[in-house]
>>> print(open('entry-v6.tsv').read())   # TSV, C-alpha atoms
chain	number	residue	atom	x	y	z
A	39	MET	CA	24.39	22.05	-22.49
A	40	THR	CA	24.19	20.69	-18.95
A	41	LYS	CA	21.17	18.57	-18.19
A	42	ASN	CA	19.44	19.87	-15.08
A	43	THR	CA	16.50	17.50	-14.93
A	44	ILE	CA	16.27	13.78	-14.41
A	45	MET	CA	13.65	11.17	-15.23
A	46	VAL	CA	12.26	9.24	-12.28
A	47	ASN	CA	10.20	6.06	-12.55
A	48	VAL	CA	8.38	5.07	-9.37
A	49	THR	CA	6.97	1.58	-8.98
A	50	ILE	CA	4.41	1.16	-6.22
A	51	PRO	CA	2.44	-1.97	-5.25
A	52	ARG	CA	-0.99	-1.50	-6.77
A	53	ALA	CA	-2.57	-2.40	-3.44
A	54	ILE	CA	-1.35	0.87	-1.92
A	55	GLY	CA	-0.79	3.33	-4.74
A	56	GLU	CA	-0.23	4.14	-8.39
A	57	SER	CA	3.08	3.80	-10.22
A	58	THR	CA	4.17	6.78	-12.29
A	59	SER	CA	7.04	8.54	-14.07
A	60	PHE	CA	7.99	12.23	-14.15
A	61	THR	CA	10.87	14.63	-14.49
A	62	LEU	CA	12.46	16.40	-11.55
A	63	GLU	CA	15.33	18.77	-10.99
A	64	ILE	CA	18.66	17.10	-10.57
A	65	ASN	CA	19.64	16.59	-6.91
A	66	SER	CA	16.03	16.19	-5.83
A	67	THR	CA	15.69	13.94	-2.80
A	68	VAL	CA	13.81	10.66	-2.61
A	69	LEU	CA	11.43	12.35	-0.18
A	70	SER	CA	10.65	15.05	-2.74
A	71	VAL	CA	9.82	12.30	-5.23
A	72	ILE	CA	7.40	10.75	-2.77
A	73	GLU	CA	5.82	14.13	-2.11
A	74	LYS	CA	5.48	14.81	-5.83
A	75	LEU	CA	3.52	11.60	-6.18
A	76	ASN	CA	0.69	13.52	-4.51
A	77	GLN	CA	-0.61	10.33	-2.91
A	78	PRO	CA	-0.93	11.39	0.76
A	79	VAL	CA	-2.21	8.01	1.92
A	80	LEU	CA	0.80	6.35	0.36
A	81	LYS	CA	3.17	8.81	2.03
A	82	ASP	CA	1.52	8.18	5.39
A	83	LYS	CA	1.94	4.47	4.89
A	84	ILE	CA	5.58	4.36	3.84
A	85	MET	CA	7.12	7.24	5.83
A	86	ARG	CA	7.68	7.18	9.58
A	87	ASN	CA	8.76	10.82	9.43
A	88	ASP	CA	10.43	13.11	6.88
A	89	TYR	CA	13.69	11.21	7.15
A	90	GLU	CA	12.90	7.58	7.87
A	91	PHE	CA	10.83	5.07	6.02
A	92	ASN	CA	8.32	2.94	7.86
A	93	GLN	CA	9.94	-0.36	8.80
A	94	PHE	CA	7.28	-2.04	6.69
A	95	SER	CA	8.32	-0.47	3.43
A	96	LEU	CA	11.43	-1.30	1.46
A	97	ILE	CA	12.70	1.37	-0.91
A	98	TYR	CA	15.07	0.45	-3.73
A	99	VAL	CA	16.79	3.12	-5.80
A	100	ASN	CA	18.31	1.71	-8.97
A	101	ASP	CA	18.19	-1.77	-7.42
A	102	ARG	CA	19.91	-0.79	-4.16
A	103	ARG	CA	17.99	-0.60	-0.93
A	104	ILE	CA	18.08	2.79	0.78
A	105	LYS	CA	16.99	3.79	4.27
A	106	ASP	CA	17.59	7.56	4.09
A	107	SER	CA	14.89	9.57	2.32
A	108	GLN	CA	17.21	12.56	1.94
A	109	ILE	CA	19.43	10.85	-0.60
A	110	GLN	CA	19.81	13.07	-3.66
A	111	LEU	CA	19.18	11.79	-7.15
A	112	THR	CA	21.78	12.81	-9.69
A	113	SER	CA	20.73	10.82	-12.74
A	114	ASP	CA	17.72	9.06	-14.18
A	115	THR	CA	16.36	6.85	-11.43
A	116	ASP	CA	14.11	3.85	-10.84
A	117	ILE	CA	12.52	3.88	-7.41
A	118	GLU	CA	10.73	0.71	-6.33
A	119	ILE	CA	8.61	0.36	-3.21
A	120	ILE	CA	7.97	-3.05	-1.71
A	121	ILE	CA	5.64	-3.92	1.15
A	122	PRO	CA	4.97	-7.26	2.82
A	123	MET	CA	2.29	-9.40	1.24
A	124	ALA	CA	0.11	-11.50	3.51
A	125	GLY	CA	-2.09	-13.43	1.10
A	126	GLY	CA	-1.83	-17.06	0.20
B	297	MET	CA	15.70	-49.63	-10.93
B	298	GLN	CA	14.86	-46.09	-11.95
B	299	ASP	CA	11.22	-45.18	-11.55
B	300	GLU	CA	9.79	-44.47	-15.01
B	301	ARG	CA	7.69	-41.72	-13.48
B	302	TYR	CA	10.76	-39.52	-12.99
B	303	ILE	CA	12.73	-40.27	-16.17
B	304	ARG	CA	12.46	-36.75	-17.61
B	305	GLN	CA	13.30	-35.15	-14.28
B	306	VAL	CA	16.23	-37.48	-13.59
B	307	LYS	CA	17.75	-36.39	-16.90
B	308	LEU	CA	18.05	-32.96	-15.31
B	309	ILE	CA	18.74	-33.56	-11.63
B	310	GLY	CA	20.29	-37.03	-11.80
B	311	GLU	CA	19.59	-40.14	-9.71
B	312	GLU	CA	21.29	-38.46	-6.80
B	313	GLY	CA	18.94	-35.47	-6.98
B	314	GLN	CA	15.92	-37.72	-7.25
B	315	GLU	CA	17.06	-39.68	-4.21
B	316	LYS	CA	17.44	-36.43	-2.29
B	317	LEU	CA	13.85	-35.53	-3.09
B	318	LYS	CA	12.69	-38.98	-2.04
B	319	SER	CA	14.45	-38.68	1.31
B	320	SER	CA	13.16	-35.15	1.90
B	321	SER	CA	10.46	-34.04	4.28
B	322	VAL	CA	8.53	-30.84	3.54
B	323	LEU	CA	5.84	-29.07	5.55
B	324	ILE	CA	3.43	-26.78	3.72
B	325	VAL	CA	1.65	-24.25	5.93
B	326	GLY	CA	-1.66	-23.33	4.31
B	327	CYS	CA	-3.60	-25.42	1.85
B	328	GLY	CA	-5.15	-22.58	-0.12
B	329	GLY	CA	-4.29	-20.78	-3.34
B	330	LEU	CA	-0.54	-21.25	-2.89
B	331	GLY	CA	-0.61	-24.52	-0.98
B	332	CYS	CA	-2.51	-26.28	-3.77
B	333	PRO	CA	0.02	-25.83	-6.62
B	334	ILE	CA	2.98	-26.13	-4.25
B	335	SER	CA	1.76	-29.46	-2.89
B	336	LEU	CA	0.85	-30.72	-6.37
B	337	TYR	CA	4.40	-30.22	-7.62
B	338	MET	CA	5.98	-31.50	-4.41
B	339	ALA	CA	3.96	-34.67	-4.85
B	340	THR	CA	4.61	-35.17	-8.53
B	341	ALA	CA	8.31	-34.33	-8.21
B	342	GLY	CA	8.81	-37.21	-5.81
B	343	VAL	CA	9.28	-35.56	-2.43
B	344	GLY	CA	9.15	-38.48	0.01
B	345	LYS	CA	7.27	-36.99	2.92
B	346	LEU	CA	4.82	-34.12	2.78
B	347	THR	CA	2.93	-32.59	5.68
B	348	LEU	CA	-0.03	-30.27	5.07
B	349	ILE	CA	-1.43	-28.09	7.83
B	350	ASP	CA	-4.56	-25.95	7.53
B	351	ASP	CA	-7.69	-25.62	9.65
B	352	ASP	CA	-10.07	-24.51	6.92
B	353	VAL	CA	-12.81	-26.18	4.91
B	354	VAL	CA	-13.42	-25.75	1.20
B	355	SER	CA	-15.81	-22.96	0.26
B	356	LEU	CA	-17.26	-21.82	-3.05
B	357	SER	CA	-15.14	-18.65	-3.05
B	358	ASN	CA	-11.98	-20.79	-2.92
B	359	LEU	CA	-12.59	-22.51	-6.22
B	360	HIS	CA	-11.34	-19.80	-8.59
B	361	ARG	CA	-7.79	-20.35	-7.37
B	362	GLN	CA	-7.49	-23.45	-5.16
B	363	ILE	CA	-7.02	-26.01	-7.87
B	364	LEU	CA	-7.03	-29.15	-5.75
B	365	PHE	CA	-10.68	-28.64	-4.88
B	366	GLY	CA	-13.94	-28.99	-6.80
B	367	PHE	CA	-17.58	-28.17	-6.30
B	368	ASN	CA	-18.28	-31.48	-4.57
B	369	ASP	CA	-15.58	-30.77	-1.99
B	370	ILE	CA	-17.35	-27.71	-0.56
B	371	GLY	CA	-17.65	-28.02	3.21
B	372	MET	CA	-14.96	-30.72	3.40
B	373	VAL	CA	-11.70	-30.37	5.33
B	374	LYS	CA	-9.08	-28.98	2.95
B	375	VAL	CA	-6.10	-31.03	4.10
B	376	ASP	CA	-8.08	-34.28	3.90
B	377	ILE	CA	-9.23	-33.60	0.33
B	378	ALA	CA	-5.73	-32.50	-0.63
B	379	LYS	CA	-4.15	-35.63	0.84
B	380	LYS	CA	-6.58	-37.86	-1.07
B	381	LYS	CA	-5.93	-36.11	-4.39
B	382	LEU	CA	-2.17	-35.95	-3.93
B	383	LEU	CA	-1.99	-39.65	-3.08
B	384	ASP	CA	-3.98	-40.33	-6.20
B	385	LEU	CA	-1.26	-38.51	-8.13
B	386	ASN	CA	1.56	-40.24	-6.29
B	387	PRO	CA	0.60	-43.16	-4.06
B	388	ARG	CA	4.22	-43.91	-3.17
B	389	MET	CA	4.70	-40.82	-1.07
B	390	GLU	CA	3.87	-40.31	2.60
B	391	ILE	CA	1.42	-37.50	3.36
B	392	THR	CA	0.39	-36.29	6.78
B	393	SER	CA	-2.63	-33.99	6.95
B	394	ILE	CA	-3.10	-31.83	10.04
B	395	ASN	CA	-6.44	-30.10	10.40
B	396	GLU	CA	-5.27	-27.46	12.84
B	397	ARG	CA	-4.37	-23.82	12.84
B	398	LEU	CA	-0.64	-23.34	13.31
B	399	ASP	CA	-0.08	-21.15	16.35
B	400	ILE	CA	2.59	-20.22	18.83
B	401	ASN	CA	1.74	-23.21	21.03
B	402	ASN	CA	1.97	-25.95	18.40
B	403	VAL	CA	4.38	-24.51	15.84
B	404	LYS	CA	7.57	-26.14	17.07
B	405	ARG	CA	5.94	-29.54	17.38
B	406	HIS	CA	4.64	-29.36	13.83
B	407	ILE	CA	7.71	-27.97	12.07
B	408	SER	CA	10.19	-30.31	13.74
B	409	ASN	CA	11.53	-33.21	11.69
B	410	HIS	CA	11.14	-31.39	8.39
B	411	ASP	CA	13.93	-30.41	6.03
B	412	LEU	CA	12.08	-27.44	4.60
B	413	ILE	CA	9.02	-25.42	5.58
B	414	ILE	CA	6.95	-23.65	2.92
B	415	LEU	CA	4.69	-20.83	4.03
B	416	GLY	CA	1.63	-20.26	1.87
B	417	CYS	CA	-0.75	-19.07	4.55
B	418	ASP	CA	-3.11	-16.12	4.34
B	419	ASP	CA	-1.97	-13.87	7.19
B	420	LEU	CA	1.08	-12.09	8.56
B	421	ASP	CA	0.84	-13.34	12.14
B	422	THR	CA	1.43	-16.95	11.10
B	423	ARG	CA	4.40	-15.86	9.00
B	424	TYR	CA	6.06	-14.34	12.06
B	425	ILE	CA	5.21	-17.34	14.24
B	426	VAL	CA	6.81	-19.71	11.73
B	427	ASN	CA	9.76	-17.40	11.11
B	428	ASP	CA	10.59	-17.23	14.81
B	429	ALA	CA	10.22	-20.98	15.30
B	430	CYS	CA	12.37	-21.72	12.23
B	431	CYS	CA	15.03	-19.39	13.62
B	432	ASP	CA	14.93	-21.07	17.02
B	433	MET	CA	15.16	-24.53	15.45
B	434	ASN	CA	17.44	-23.57	12.57
B	435	ILE	CA	15.07	-24.92	9.93
B	436	PRO	CA	15.16	-23.20	6.51
B	437	TYR	CA	11.92	-22.03	4.96
B	438	ILE	CA	10.35	-20.39	1.94
B	439	ASN	CA	7.93	-17.51	2.39
B	440	ALA	CA	5.43	-17.32	-0.48
B	441	SER	CA	2.75	-14.66	-0.59
B	442	VAL	CA	0.41	-12.76	-2.87
B	443	LEU	CA	-1.44	-9.48	-2.86
B	444	GLY	CA	-3.92	-8.67	-5.60
B	445	ASP	CA	-2.11	-9.36	-8.86
B	446	GLU	CA	1.39	-9.28	-7.39
B	447	GLY	CA	3.27	-11.94	-5.50
B	448	SER	CA	6.52	-12.70	-3.75
B	449	VAL	CA	8.71	-15.66	-2.88
B	450	THR	CA	11.75	-15.60	-0.61
B	451	TYR	CA	14.04	-18.30	0.75
B	452	PHE	CA	15.39	-17.88	4.26
B	453	ASP	CA	18.22	-20.20	5.23
B	454	ILE	CA	18.22	-18.50	8.69
B	455	VAL	CA	22.04	-18.25	8.73
B	456	ASN	CA	21.95	-15.36	6.25
B	457	GLY	CA	18.80	-13.70	7.48
B	458	CYS	CA	15.11	-14.13	8.09
B	459	TYR	CA	11.80	-12.38	7.51
B	460	ARG	CA	12.32	-10.10	10.51
B	461	CYS	CA	15.58	-8.86	8.97
B	462	ILE	CA	13.44	-7.38	6.19
B	463	PHE	CA	10.22	-6.59	8.01
B	464	PRO	CA	11.00	-6.46	11.75
B	465	ASP	CA	7.50	-6.43	13.20
B	466	ALA	CA	3.91	-6.72	12.09
B	467	LYS	CA	2.11	-6.19	15.33
B	468	SER	CA	1.61	-2.43	15.27
B	469	ASN	CA	1.29	-2.11	11.54
B	470	ASN	CA	-1.67	-1.32	9.34
B	471	LEU	CA	0.31	-0.67	6.18
B	472	THR	CA	-0.22	-4.09	4.71
B	473	PRO	CA	-3.59	-4.44	3.07
B	474	ARG	CA	-5.58	-7.49	4.11
B	475	PRO	CA	-5.89	-10.18	1.42
B	476	GLU	CA	-9.65	-10.32	1.88
B	477	ASP	CA	-9.89	-6.59	1.13
B	478	ILE	CA	-7.67	-6.57	-1.95
B	479	GLY	CA	-8.66	-9.88	-3.51
B	480	VAL	CA	-6.43	-12.07	-5.66
B	481	LEU	CA	-6.12	-12.95	-9.32
B	482	GLY	CA	-6.76	-16.70	-9.61
B	483	PRO	CA	-3.83	-17.72	-11.85
B	484	LEU	CA	-1.40	-15.54	-9.89
B	485	VAL	CA	-1.29	-18.08	-7.06
B	486	GLY	CA	-0.37	-20.63	-9.73
B	487	VAL	CA	2.55	-18.48	-10.88
B	488	ILE	CA	3.82	-17.90	-7.35
B	489	GLY	CA	3.00	-21.45	-6.25
B	490	THR	CA	4.89	-23.08	-9.10
B	491	ALA	CA	7.80	-20.67	-8.66
B	492	THR	CA	7.84	-21.67	-5.00
B	493	ALA	CA	7.73	-25.37	-5.84
B	494	THR	CA	10.57	-24.89	-8.33
B	495	MET	CA	12.62	-23.09	-5.70
B	496	ALA	CA	11.85	-25.80	-3.13
B	497	ILE	CA	13.01	-28.61	-5.43
B	498	GLU	CA	16.23	-26.76	-6.23
B	499	ILE	CA	16.84	-26.18	-2.52
B	500	LEU	CA	16.22	-29.83	-1.69
B	501	ILE	CA	18.83	-30.88	-4.24
B	502	ASN	CA	21.36	-28.46	-2.76
B	503	ASN	CA	21.05	-25.53	-5.15
B	504	GLU	CA	19.92	-23.19	-2.38
B	505	SER	CA	22.84	-20.77	-2.75
B	506	TYR	CA	21.21	-19.21	-5.82
B	507	TYR	CA	18.34	-17.90	-3.70
B	508	VAL	CA	20.03	-16.69	-0.53
B	509	ASN	CA	19.37	-13.03	0.35
B	510	ASN	CA	17.05	-12.38	-2.57
B	511	MET	CA	13.39	-11.54	-2.39
B	512	TYR	CA	11.62	-12.26	-5.67
B	513	VAL	CA	8.59	-10.16	-6.60
B	514	PHE	CA	6.27	-10.92	-9.51
B	515	ASP	CA	4.18	-8.29	-11.27
B	516	SER	CA	1.39	-9.77	-13.37
B	517	LEU	CA	1.07	-6.69	-15.60
B	518	LYS	CA	4.73	-6.92	-16.61
B	519	LEU	CA	4.88	-10.74	-16.41
B	520	LYS	CA	8.20	-10.18	-14.73
B	521	MET	CA	9.81	-11.73	-11.67
B	522	LYS	CA	12.51	-9.49	-10.20
B	523	GLY	CA	14.95	-10.27	-7.41
B	524	TYR	CA	15.65	-7.66	-4.72
B	525	SER	CA	18.66	-8.20	-2.51
B	526	PHE	CA	18.40	-7.94	1.25
B	527	GLU	CA	20.90	-8.19	4.07
B	528	LYS	CA	20.88	-9.92	7.37
B	529	SER	CA	20.12	-7.53	10.20
B	530	HIS	CA	22.64	-8.04	12.96
B	531	SER	CA	20.13	-6.63	15.43
B	532	CYS	CA	17.43	-9.09	14.36
B	533	ILE	CA	15.60	-10.43	17.39
B	534	SER	CA	14.96	-13.76	15.63
B	535	CYS	CA	17.86	-15.07	13.58
B	536	CYS	CA	20.61	-13.28	15.49
B	537	LYS	CA	19.25	-14.53	18.79
B	538	GLN	CA	19.53	-18.05	17.38
B	539	ILE	CA	23.14	-17.57	16.32
B	540	SER	CA	24.23	-16.03	19.61
B	541	MET	CA	22.87	-18.93	21.66
>>> encode(input="entry-v6.tsv", output="structure tokens")
Amino acid sequence: MTKNTIMVNVTIPRAIGESTSFTLEINSTVLSVIEKLNQPVLKDKIMRNDYEFNQFSLIYVNDRRIKDSQIQLTSDTDIEIIIPMAGG
Amino acid sequence: MQDERYIRQVKLIGEEGQEKLKSSSVLIVGCGGLGCPISLYMATAGVGKLTLIDDDVVSLSNLHRQILFGFNDIGMVKVDIAKKKLLDLNPRMEITSINERLDINNVKRHISNHDLIILGCDDLDTRYIVNDACCDMNIPYINASVLGDEGSVTYFDIVNGCYRCIFPDAKSNNLTPRPEDIGVLGPLVGVIGTATATMAIEILINNESYYVNNMYVFDSLKLKMKGYSFEKSHSCISCCKQISM
């Protein structure tokens, strides 16, 4: 039987959001993952628009940095969000 | 004759490595939560010349994480107390304390004549000021930072990229939470500070290639430090400007 869902783990700095895991349909985009997080403040912070990430957020998908939020996810995925830290 | 103080370390890095540390000059920007453990290990490792710059005085709210300072130091100039305590640990090193705020007008004067800059300050503006000056002067640096119970340490050799390659501009941004709003877990600055000091020592003995183009992020709930690769931006207004000159 063909698997038509994938598992997505999203890691978010605790200062701006809450990390979570969920299942999604295969070929979902990174943007749809961010929308499914249902954390509107987070989305406002990390997205410049529906296609581009804010230049202050780094998005890694399975350890590779991506800049296009429309990339489709075809297998189980780890998404990690990194923001600059100012404290010392 | 080999200094008995460094016998265990020399077994690992050799006499040549120890000599490199002794002939090294390091500037630490910020004498707070990160600057304290970083400077402690720079001093005890045998770095020959250490410069500390910070314009702050010790306050009660510093004491849960700034391990060079005690209750009786409250109200005293941080860099002066730090210099005294570090010289007590290692009187054979040279320490310069500068009780000033690093800014765009004095940054080049203060970072010149150092082999490595370590950033442990408490704001983004200073990080960009130092980044741009290091790019202009081709001085490598380590950016250490914390936020809540997470932290990060990144080495920039300038040739292969700089902070602006990753985060181009801070000026119009309100994404990054302010440290004073989020707070910080006391021991976390010890974790990031000692990781930074470890990285600095390895860089000073020529093992820097292991760290190039990697940003290390520590999560205290996972007790895990993970490296994230980054690339030089060929449109970077800082490090690419330096190369094209």
>>> interface_residues(input="entry-v6.tsv", of="chain A", to="chain B", cutoff="8 Å", atoms="all atoms listed in the file", output="VMD selection string")
chain A and resid 51 to 54 83 to 84 93 to 96 101 to 103 121 to 126
>>> residues_near_point(input="entry-v6.tsv", point="(11.5, 2.6, -3.8)", cutoff="6 Å", atoms="all atoms listed in the file", output="list in words")
Ile97, Tyr98, Val99, Ile117, Glu118 and Ile119 of chain A
>>> residues_near_point(input="entry-v6.tsv", point="(8.9, -32.6, -11.3)", cutoff="12 Å", atoms="only C-alpha atoms", output="ChimeraX atom specification")
/B:301-309,313-314,317-318,334-343,386,490,493-498
>>> closest_residue(input="entry-v6.tsv", among="A:Asp114, A:Asp82, A:Gln77, A:Ile120", to="Ile44 in chain A", atoms="all atoms listed in the file")
A:Asp114
>>> atom_distance(input="entry-v6.tsv", atom1="CA of Val322 in chain B", atom2="CA of Arg388 in chain B")
15.3 Å
>>> residues_around(input="entry-v6.tsv", residues="Leu62 in chain A", least_positions_apart="2", cutoff="9 Å", atoms="all atoms listed in the file", output="PyMOL selection string")
chain A and resi 42-46+60+64-66+71
>>> atom_distance(input="entry-v6.tsv", atom1="CA of Ser408 in chain B", atom2="CA of Ile324 in chain B")
12.6 Å
>>> atom_distance(input="entry-v6.tsv", atom1="CA of Met85 in chain A", atom2="CA of Cys532 in chain B")
21.1 Å
>>> closest_residue(input="entry-v6.tsv", among="B:Asn502, B:Ile349, B:Leu484, B:Leu356", to="Leu519 in chain B", atoms="all atoms listed in the file")
B:Leu484
